[in-house]
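K.L.:
coords.txt is reproduced in full below (compact mmCIF, C-alpha atoms).
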```txt
# COMPACT_ATOMS: atom_id res chain seq x y z
CA MET T 1 110.85 75.65 87.57
CA GLN T 2 111.02 77.34 90.98
CA GLN T 3 114.30 75.56 91.81
CA THR T 4 115.84 76.82 88.56
CA HIS T 5 114.59 80.31 89.41
CA THR T 6 116.23 80.15 92.85
CA ALA T 7 119.52 78.70 91.62
CA GLU T 8 119.88 81.43 88.97
CA ALA T 9 119.04 84.19 91.45
CA ILE T 10 121.59 82.91 93.96
CA ARG T 11 124.30 82.55 91.30
CA VAL T 12 123.79 86.15 90.13
CA SER T 13 123.65 87.35 93.75
CA ASN T 14 126.94 85.69 94.65
CA ILE T 15 128.63 87.42 91.72
CA SER T 16 127.12 90.73 92.89
CA ILE T 17 128.45 90.27 96.42
CA LEU T 18 131.98 89.58 95.19
CA ALA T 19 131.94 92.55 92.81
CA ASN T 20 130.57 94.92 95.47
CA VAL T 21 133.09 93.92 98.14
CA LEU T 22 136.02 94.48 95.78
CA LEU T 23 134.61 97.73 94.39
CA SER T 24 133.78 99.11 97.85
CA ALA T 25 137.34 98.48 99.02
CA VAL T 26 138.79 100.27 95.98
CA LYS T 27 136.45 103.27 96.32
CA LEU T 28 136.95 103.61 100.07
CA ALA T 29 140.74 103.53 99.69
CA ALA T 30 140.59 106.04 96.83
CA GLY T 31 138.23 108.32 98.76
CA LEU T 32 140.45 108.37 101.85
CA LEU T 33 143.72 108.76 99.97
CA ALA T 34 142.33 111.41 97.61
CA ARG T 35 140.41 113.26 100.37
CA SER T 36 137.03 112.96 98.61
CA GLY T 37 133.88 112.87 100.76
CA ALA T 38 131.77 112.09 97.69
CA MET T 39 133.87 109.01 96.93
CA VAL T 40 133.74 107.80 100.56
CA SER T 41 129.93 108.22 100.46
CA ASP T 42 129.86 106.30 97.20
CA ALA T 43 131.90 103.50 98.79
CA VAL T 44 129.39 103.26 101.65
CA HIS T 45 126.59 103.01 99.09
CA SER T 46 128.37 100.13 97.32
CA LEU T 47 128.92 98.37 100.64
CA SER T 48 125.19 98.60 101.39
CA ASP T 49 124.63 96.66 98.15
CA VAL T 50 126.27 93.64 99.81
CA PHE T 51 123.60 93.65 102.51
CA SER T 52 120.82 94.13 99.95
CA THR T 53 122.05 91.18 97.91
CA VAL T 54 122.07 88.98 101.03
CA VAL T 55 118.43 90.00 101.52
CA VAL T 56 117.71 88.89 97.94
CA ILE T 57 119.23 85.46 98.59
CA ILE T 58 117.18 85.03 101.76
CA GLY T 59 114.02 86.22 100.00
CA VAL T 60 114.25 83.86 97.03
CA LYS T 61 115.19 80.92 99.26
CA LEU T 62 112.15 81.47 101.48
CA ALA T 63 109.87 82.08 98.48
CA GLU T 64 110.64 78.64 97.04
CA LYS T 65 109.27 76.86 100.13
CA PRO T 66 106.33 74.60 99.14
CA GLU T 67 102.76 75.12 100.31
CA ASP T 68 101.87 74.04 103.82
CA ARG T 69 98.76 74.01 106.02
CA GLU T 70 99.28 77.60 107.21
CA HIS T 71 100.23 78.87 103.73
CA PRO T 72 98.16 76.90 101.17
CA TYR T 73 99.05 79.34 98.38
CA GLY T 74 102.80 79.06 98.93
CA HIS T 75 105.39 81.63 100.00
CA GLU T 76 106.08 83.56 96.77
CA ARG T 77 105.15 86.90 98.35
CA LEU T 78 108.30 86.71 100.46
CA GLU T 79 110.14 87.97 97.36
CA SER T 80 108.01 91.11 97.56
CA VAL T 81 108.86 91.38 101.27
CA ALA T 82 112.56 91.17 100.36
CA ALA T 83 112.08 93.94 97.78
CA ILE T 84 110.42 96.15 100.42
CA VAL T 85 113.34 95.56 102.80
CA LEU T 86 115.74 96.51 100.00
CA SER T 87 113.85 99.74 99.33
CA VAL T 88 114.07 100.73 103.00
CA VAL T 89 117.80 99.96 103.14
CA LEU T 90 118.31 101.97 99.96
CA LEU T 91 116.41 104.94 101.39
CA ILE T 92 118.36 104.90 104.67
CA THR T 93 121.62 104.80 102.71
CA GLY T 94 120.51 107.77 100.62
CA VAL T 95 119.52 109.81 103.69
CA PHE T 96 122.87 109.10 105.33
CA ILE T 97 124.77 110.22 102.23
CA GLY T 98 122.63 113.35 101.83
CA TYR T 99 123.01 114.32 105.49
CA SER T 100 126.78 113.96 105.26
CA GLY T 101 126.89 116.25 102.22
CA ILE T 102 124.61 118.91 103.76
CA ARG T 103 126.66 118.95 106.96
CA LYS T 104 129.84 119.67 105.02
CA MET T 105 128.15 122.32 102.87
CA THR T 106 126.80 124.18 105.90
CA GLY T 107 130.13 124.02 107.75
CA ASP T 108 133.34 125.85 107.02
CA THR T 109 133.45 125.63 103.22
CA ALA T 110 136.90 127.23 103.19
CA ALA T 111 138.23 124.16 104.98
CA LEU T 112 136.99 121.79 102.26
CA GLU T 113 139.85 119.88 100.67
CA THR T 114 140.33 119.43 96.94
CA PRO T 115 140.01 115.73 96.01
CA GLY T 116 142.99 114.01 94.39
CA VAL T 117 143.02 112.56 90.88
CA LEU T 118 142.80 109.03 92.31
CA ALA T 119 139.19 109.74 93.28
CA LEU T 120 138.40 110.58 89.65
CA ALA T 121 139.81 107.26 88.45
CA ALA T 122 137.83 105.36 91.12
CA ALA T 123 134.60 107.11 90.07
CA ILE T 124 135.10 106.15 86.41
CA LEU T 125 135.84 102.55 87.37
CA SER T 126 132.75 102.45 89.59
CA ILE T 127 130.46 103.77 86.84
CA ALA T 128 131.67 101.11 84.41
CA VAL T 129 131.46 98.20 86.87
CA LYS T 130 128.09 99.14 88.40
CA GLU T 131 126.41 99.79 85.06
CA ALA T 132 127.66 96.39 83.84
CA MET T 133 126.31 94.77 87.02
CA TYR T 134 122.96 96.52 86.51
CA GLN T 135 122.62 95.22 82.94
CA TYR T 136 123.70 91.71 83.97
CA THR T 137 121.38 91.50 86.98
CA ARG T 138 118.41 93.05 85.16
CA ALA T 139 118.74 90.53 82.32
CA ALA T 140 118.75 87.66 84.82
CA ALA T 141 115.78 89.14 86.72
CA ARG T 142 113.75 89.37 83.52
CA ARG T 143 114.76 85.88 82.46
CA ILE T 144 113.54 84.27 85.70
CA ASP T 145 110.94 86.97 86.52
CA SER T 146 112.38 87.73 89.96
CA GLU T 147 111.10 90.88 91.66
CA ALA T 148 113.76 90.81 94.38
CA LEU T 149 116.57 90.39 91.83
CA MET T 150 115.16 93.29 89.78
CA ALA T 151 115.20 95.43 92.93
CA ASP T 152 118.85 94.51 93.40
CA ALA T 153 119.54 95.44 89.77
CA TRP T 154 118.15 98.92 90.44
CA HIS T 155 120.38 99.09 93.50
CA HIS T 156 123.32 98.63 91.09
CA ARG T 157 121.93 101.35 88.79
CA SER T 158 121.52 103.77 91.71
CA ASP T 159 125.14 103.09 92.61
CA ALA T 160 126.21 103.84 89.03
CA LEU T 161 124.25 107.12 89.15
CA SER T 162 125.78 108.02 92.49
CA SER T 163 129.22 107.45 90.98
CA VAL T 164 128.31 109.81 88.13
CA GLY T 165 127.40 112.41 90.75
CA ALA T 166 130.64 111.73 92.58
CA LEU T 167 132.62 112.09 89.34
CA LEU T 168 131.05 115.47 88.57
CA GLY T 169 131.53 116.67 92.14
CA ILE T 170 135.17 115.59 92.27
CA ALA T 171 135.90 117.10 88.85
CA GLY T 172 134.24 120.38 89.86
CA ALA T 173 136.16 120.48 93.13
CA ARG T 174 139.45 119.98 91.27
CA LEU T 175 138.52 122.88 88.96
CA GLY T 176 138.36 125.19 91.95
CA TYR T 177 134.88 124.64 93.37
CA PRO T 178 135.41 122.35 96.40
CA ILE T 179 131.78 122.74 97.52
CA LEU T 180 130.75 120.65 94.51
CA ASP T 181 132.17 117.52 96.18
CA PRO T 182 129.68 117.51 99.12
CA LEU T 183 126.98 118.86 96.78
CA ALA T 184 127.41 115.69 94.73
CA SER T 185 126.51 113.68 97.85
CA VAL T 186 123.19 115.55 98.09
CA VAL T 187 122.44 114.86 94.41
CA ILE T 188 123.31 111.20 94.96
CA CYS T 189 120.80 111.14 97.84
CA ALA T 190 118.00 112.27 95.48
CA PHE T 191 118.79 109.55 92.92
CA ILE T 192 118.84 106.87 95.59
CA GLY T 193 115.57 108.07 97.11
CA LYS T 194 113.81 107.87 93.73
CA ALA T 195 115.05 104.31 93.17
CA ALA T 196 113.92 103.30 96.68
CA PHE T 197 110.44 104.72 96.08
CA ASP T 198 110.04 102.89 92.74
CA ILE T 199 111.10 99.55 94.25
CA PHE T 200 108.75 100.01 97.23
CA ARG T 201 105.76 100.92 95.04
CA GLU T 202 106.27 97.92 92.74
CA ALA T 203 106.51 95.52 95.70
CA ILE T 204 103.39 96.94 97.37
CA ASP T 205 101.45 96.60 94.11
CA LYS T 206 102.26 92.90 93.97
CA MET T 207 101.41 92.42 97.64
CA MET T 208 97.95 93.83 96.91
CA ASP T 209 97.12 91.31 94.14
CA ARG T 210 97.63 93.65 91.20
CA SER T 211 96.28 92.32 87.92
CA CYS T 212 98.64 91.37 85.10
CA ASP T 213 99.22 93.76 82.22
CA GLU T 214 96.86 93.85 79.25
CA THR T 215 99.31 92.15 76.88
CA PHE T 216 99.67 89.13 79.18
CA GLU T 217 95.89 88.84 79.61
CA ASN T 218 95.32 89.02 75.84
CA GLU T 219 97.84 86.21 75.36
CA ILE T 220 95.90 84.10 77.90
CA ARG T 221 92.65 84.80 76.03
CA ASP T 222 94.19 83.87 72.68
CA CYS T 223 95.50 80.60 74.14
CA ALA T 224 92.02 79.66 75.40
CA LEU T 225 90.26 80.65 72.18
CA ARG T 226 92.56 78.44 70.11
CA HIS T 227 90.39 75.53 71.30
CA ASP T 228 87.64 75.15 68.69
CA LYS T 229 85.00 74.29 71.30
CA VAL T 230 85.62 77.46 73.32
CA LEU T 231 83.14 79.96 71.84
CA HIS T 232 84.19 83.01 73.89
CA ILE T 233 85.64 84.14 77.22
CA ASP T 234 82.98 85.35 79.67
CA LEU T 235 85.37 86.37 82.44
CA LEU T 236 89.11 86.63 82.99
CA ARG T 237 90.71 87.75 86.25
CA THR T 238 94.45 87.65 86.92
CA ARG T 239 96.44 88.51 90.03
CA GLU T 240 100.13 88.63 90.71
CA PHE T 241 101.19 86.69 93.79
CA GLY T 242 104.85 87.56 94.29
CA SER T 243 106.60 86.30 91.17
CA ARG T 244 103.73 83.97 90.19
CA VAL T 245 100.26 84.46 88.69
CA TYR T 246 96.83 83.12 89.62
CA ILE T 247 93.98 83.11 87.08
CA GLU T 248 90.19 82.80 87.25
CA MET T 249 88.47 82.24 83.91
CA GLU T 250 84.94 81.51 82.67
CA ILE T 251 84.68 80.01 79.21
CA ALA T 252 81.54 79.49 77.12
CA VAL T 253 80.96 76.19 75.26
CA ASP T 254 78.01 74.66 73.43
CA GLY T 255 75.27 74.16 76.02
CA ASN T 256 74.35 70.82 74.47
CA LEU T 257 77.75 69.25 75.15
CA PRO T 258 77.73 66.37 77.65
CA LEU T 259 79.23 67.23 81.02
CA HIS T 260 82.28 65.05 80.53
CA GLU T 261 83.06 66.75 77.18
CA ALA T 262 82.69 70.24 78.65
CA HIS T 263 84.95 69.21 81.50
CA ALA T 264 87.53 67.87 79.05
CA VAL T 265 87.53 71.22 77.19
CA ALA T 266 88.16 73.10 80.44
CA GLU T 267 90.90 70.68 81.42
CA SER T 268 92.60 71.07 78.03
CA VAL T 269 92.53 74.88 78.29
CA HIS T 270 93.88 74.65 81.84
CA ASP T 271 96.80 72.43 80.82
CA ASP T 272 97.73 74.50 77.76
CA ILE T 273 97.86 77.75 79.75
CA GLU T 274 99.97 76.28 82.54
CA LYS T 275 102.39 74.76 79.98
CA GLY T 276 102.58 77.90 77.84
CA PHE T 277 102.95 80.40 80.67
CA PRO T 278 105.46 79.30 83.36
CA LYS T 279 104.51 82.29 85.56
CA VAL T 280 101.03 80.81 86.05
CA LYS T 281 100.97 78.80 89.26
CA HIS T 282 97.25 78.01 89.29
CA ILE T 283 94.25 78.58 87.02
CA MET T 284 90.60 77.94 87.91
CA ILE T 285 88.26 77.51 84.90
CA HIS T 286 84.47 77.60 85.08
CA VAL T 287 82.37 76.41 82.11
CA ASN T 288 79.24 78.33 81.05
CA PRO T 289 76.68 77.07 78.50
CA ALA T 290 76.63 79.35 75.44
```
Would you encode the structure as structure tokens?
P.N.:
Amino acid sequence: MQQTHTAEAIRVSNISILANVLLSAVKLAAGLLARSGAMVSDAVHSLSDVFSTVVVIIGVKLAEKPEDREHPYGHERLESVAAIVLSVVLLITGVFIGYSGIRKMTGDTAALETPGVLALAAAILSIAVKEAMYQYTRAAARRIDSEALMADAWHHRSDALSSVGALLGIAGARLGYPILDPLASVVICAFIGKAAFDIFREAIDKMMDRSCDETFENEIRDCALRHDKVLHIDLLRTREFGSRVYIEMEIAVDGNLPLHEAHAVAESVHDDIEKGFPKVKHIMIHVNPA
């Protein structure tokens, strides 16, 4: 299961790298030729996506390493570490873009150049490509439940939003308001900062053993209670460990059952949950007499 997860993440990441390299080259050329600071900033943002995707590949490769003596619970949290690195890179990119825009706005605004129509075409192309990459990467991240890949998907979405800002700024500048081009860079900075914060918060939550959502826990309970000898669930604790889940459960059975029968019930519940929920890496079940 973990190998399939890794192979899918790497395949999607390789496609992302190729798309970002080509798109960055187009946007940078368009920004320089059309004299658009917003489009050059947008090209830098797209180029940073290449680095972030490399971080995803490294993260998922390290996370698939098996347990060892120093790490008996495995290395899945390294995906969360990769997501944190991505959030920091995203924030730094946003600050750089915002600073560039503010510097131009506070300088000689009369010297600002009007962007050419080529920058408009590049912005429209970027919005279409980056939104498609966001949808594609997000679908893959949900399919294999990869936190790092989901962070990379949001990097694509932030790039699409930044291109929307660039499009509005370039269009406004061509309508006679050249200050809107650097202003778009400042707006782009805000979008990127919000995405970076959301990615960071989600990764930290998983690093701190956050419990699973209520729907998932109810599905676990229902699976256990489908066994006719399980009378009720006394305790259920879940914790997310990177992209995987650990469970502690106490089930109540007839107190008159022989030990070997009670053990068999617990073993059956254990096996059914691990088979039915691929995210579950380990489940510990304790049997209580009802």
K.L.:
Considering only C-alpha atoms, return as a PyMOL selection string whatever protein or nucleic-acid residues lie within 9 Å of Val287 of chain T, sequence-local ones (same chain, fewer than 2 positions apart) excluded.
P.N.:
chain T and resi 249-253+262-263+265-266+285+289
K.L.:
Hey, what's within 7 Å of Ser52 of chain T if we count all atoms listed in the file and toss same-chain stuff fewer than 3 positions away? As a list in words, please?
P.N.:
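So, after excluding close chain neighbours, the residues are Ser48, Asp49, Val55, Val56, Leu86 and Asp152 of chain T.
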K.L.:
Work out how far atom CA of Ala196 of chain T is from atom CA of Met105 of chain T, in Å to one decimal.
P.N.:
24.5 Å
K.L.:
Just the residues within 10 Å of Asp205 of chain T, please, counting all atoms listed in the file, with nothing from its chain fewer than 4 positions along; format it as a PyMOL selection string.
P.N.:
chain T and resi 80+200-201+209-211+240-242
K.L.:
In Å, rounded to a single decimal, give me how far atom CA of Ala141 of chain T is from atom CA of Lys194 of chain T.
P.N.:
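Rounded to one decimal, the two atoms are 20.1 Å apart.
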K.L.:
Could you check the closest approach to Ile127 of chain T for each of T:Arg226, T:Lys27, T:Lys61, T:Arg142 and tell me which residue wins, using only C-alpha atoms?
P.N.:
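Comparing T:Arg226, T:Lys27, T:Lys61, T:Arg142 against Ile127 of chain T, the winner is T:Lys27.
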K.L.:
Residues around (84.3, 85.8, 75.7), cut-off 9 Å, counting all atoms listed in the file - what are they as a PyMOL selection string?
P.N.:
chain T and resi 221+225+230-236+250-252
K.L.:
Using all atoms listed in the file, pick whichever of T:Leu168, T:Leu28, T:Gly255, T:Ala122 has the shortest atom-to-atom distance to Lys229 of chain T.
P.N.:
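Smallest separation from Lys229 of chain T among the options: T:Gly255.
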K.L.:
Nearest to Arg143 of chain T: which of T:Thr53, T:Thr6, T:Asn288, T:Asn218 is it, counting only C-alpha atoms?
P.N.:
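Of all the options, T:Thr6 lies closest to Arg143 of chain T.
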K.L.:
I need every residue sitting at most 10 Å from the point (110.9, 85.8, 100.7) (coordinates as in the file, all atoms listed in the file considered), written as a list in words.
P.N.:
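Every polymer residue passing the test: Val55, Val56, Ile57, Ile58, Gly59, Val60, Lys61, Leu62, Ala63, Glu64, Lys65, His75, Glu76, Arg77, Leu78, Glu79, Ser80, Val81, Ala82, Ala83, Ala148 and Gly242 of chain T.
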K.L.:
Of the candidates T:Val164, T:Val85, T:Leu183, T:Ala19, which shows the shortest atom-to-atom distance to Tyr99 of chain T, using all atoms listed in the file?
P.N.:
T:Leu183
K.L.:
What is the atom CA of Ser16 of chain T to atom CA of Ala128 of chain T distance in Å?
P.N.:
14.2 Å
K.L.:
Between T:Arg174, T:His71, T:Arg103, T:Arg157, which has the minimum distance to Ala119 of chain T (counting all atoms listed in the file)?
P.N.:
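Among T:Arg174, T:His71, T:Arg103, T:Arg157, it is T:Arg174 that comes nearest to Ala119 of chain T.
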K.L.:
Work out where the centre of an axis-aligned box around every listed atom of segment 182-190 of chain T lies and how long its edges are once 6 Å is added on each side; give both in Å to one decimal as JSON.
P.N.:
```
{"center_x": 123.8, "center_y": 115.0, "center_z": 96.8, "size_x": 23.7, "size_y": 19.7, "size_z": 16.7}
```
K.L.:
Kindly indicate which residue among T:Ser41, T:Ser36, T:Ser87, T:Ser163 lies nearest to Ile124 of chain T, using only C-alpha atoms for the distances.
P.N.:
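Counting only C-alpha atoms, the residue closest to Ile124 of chain T is T:Ser163.
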K.L.:
For Cys212 of chain T, find every residue with an atom within 7 Å (counting all atoms listed in the file), except residues of its own chain fewer than 3 positions away, and show them as number ranges by chain.
P.N.:
T: 216-217, 238-240
K.L.:
So that I can check the surroundings of segment 269-280 of chain T, please list as number ranges by chain every protein, DNA and RNA residue that reaches within 7 Å of it, counting only C-alpha atoms and ignoring chain neighbours fewer than 6 positions away.
P.N.:
T: 220, 223-224, 244-246
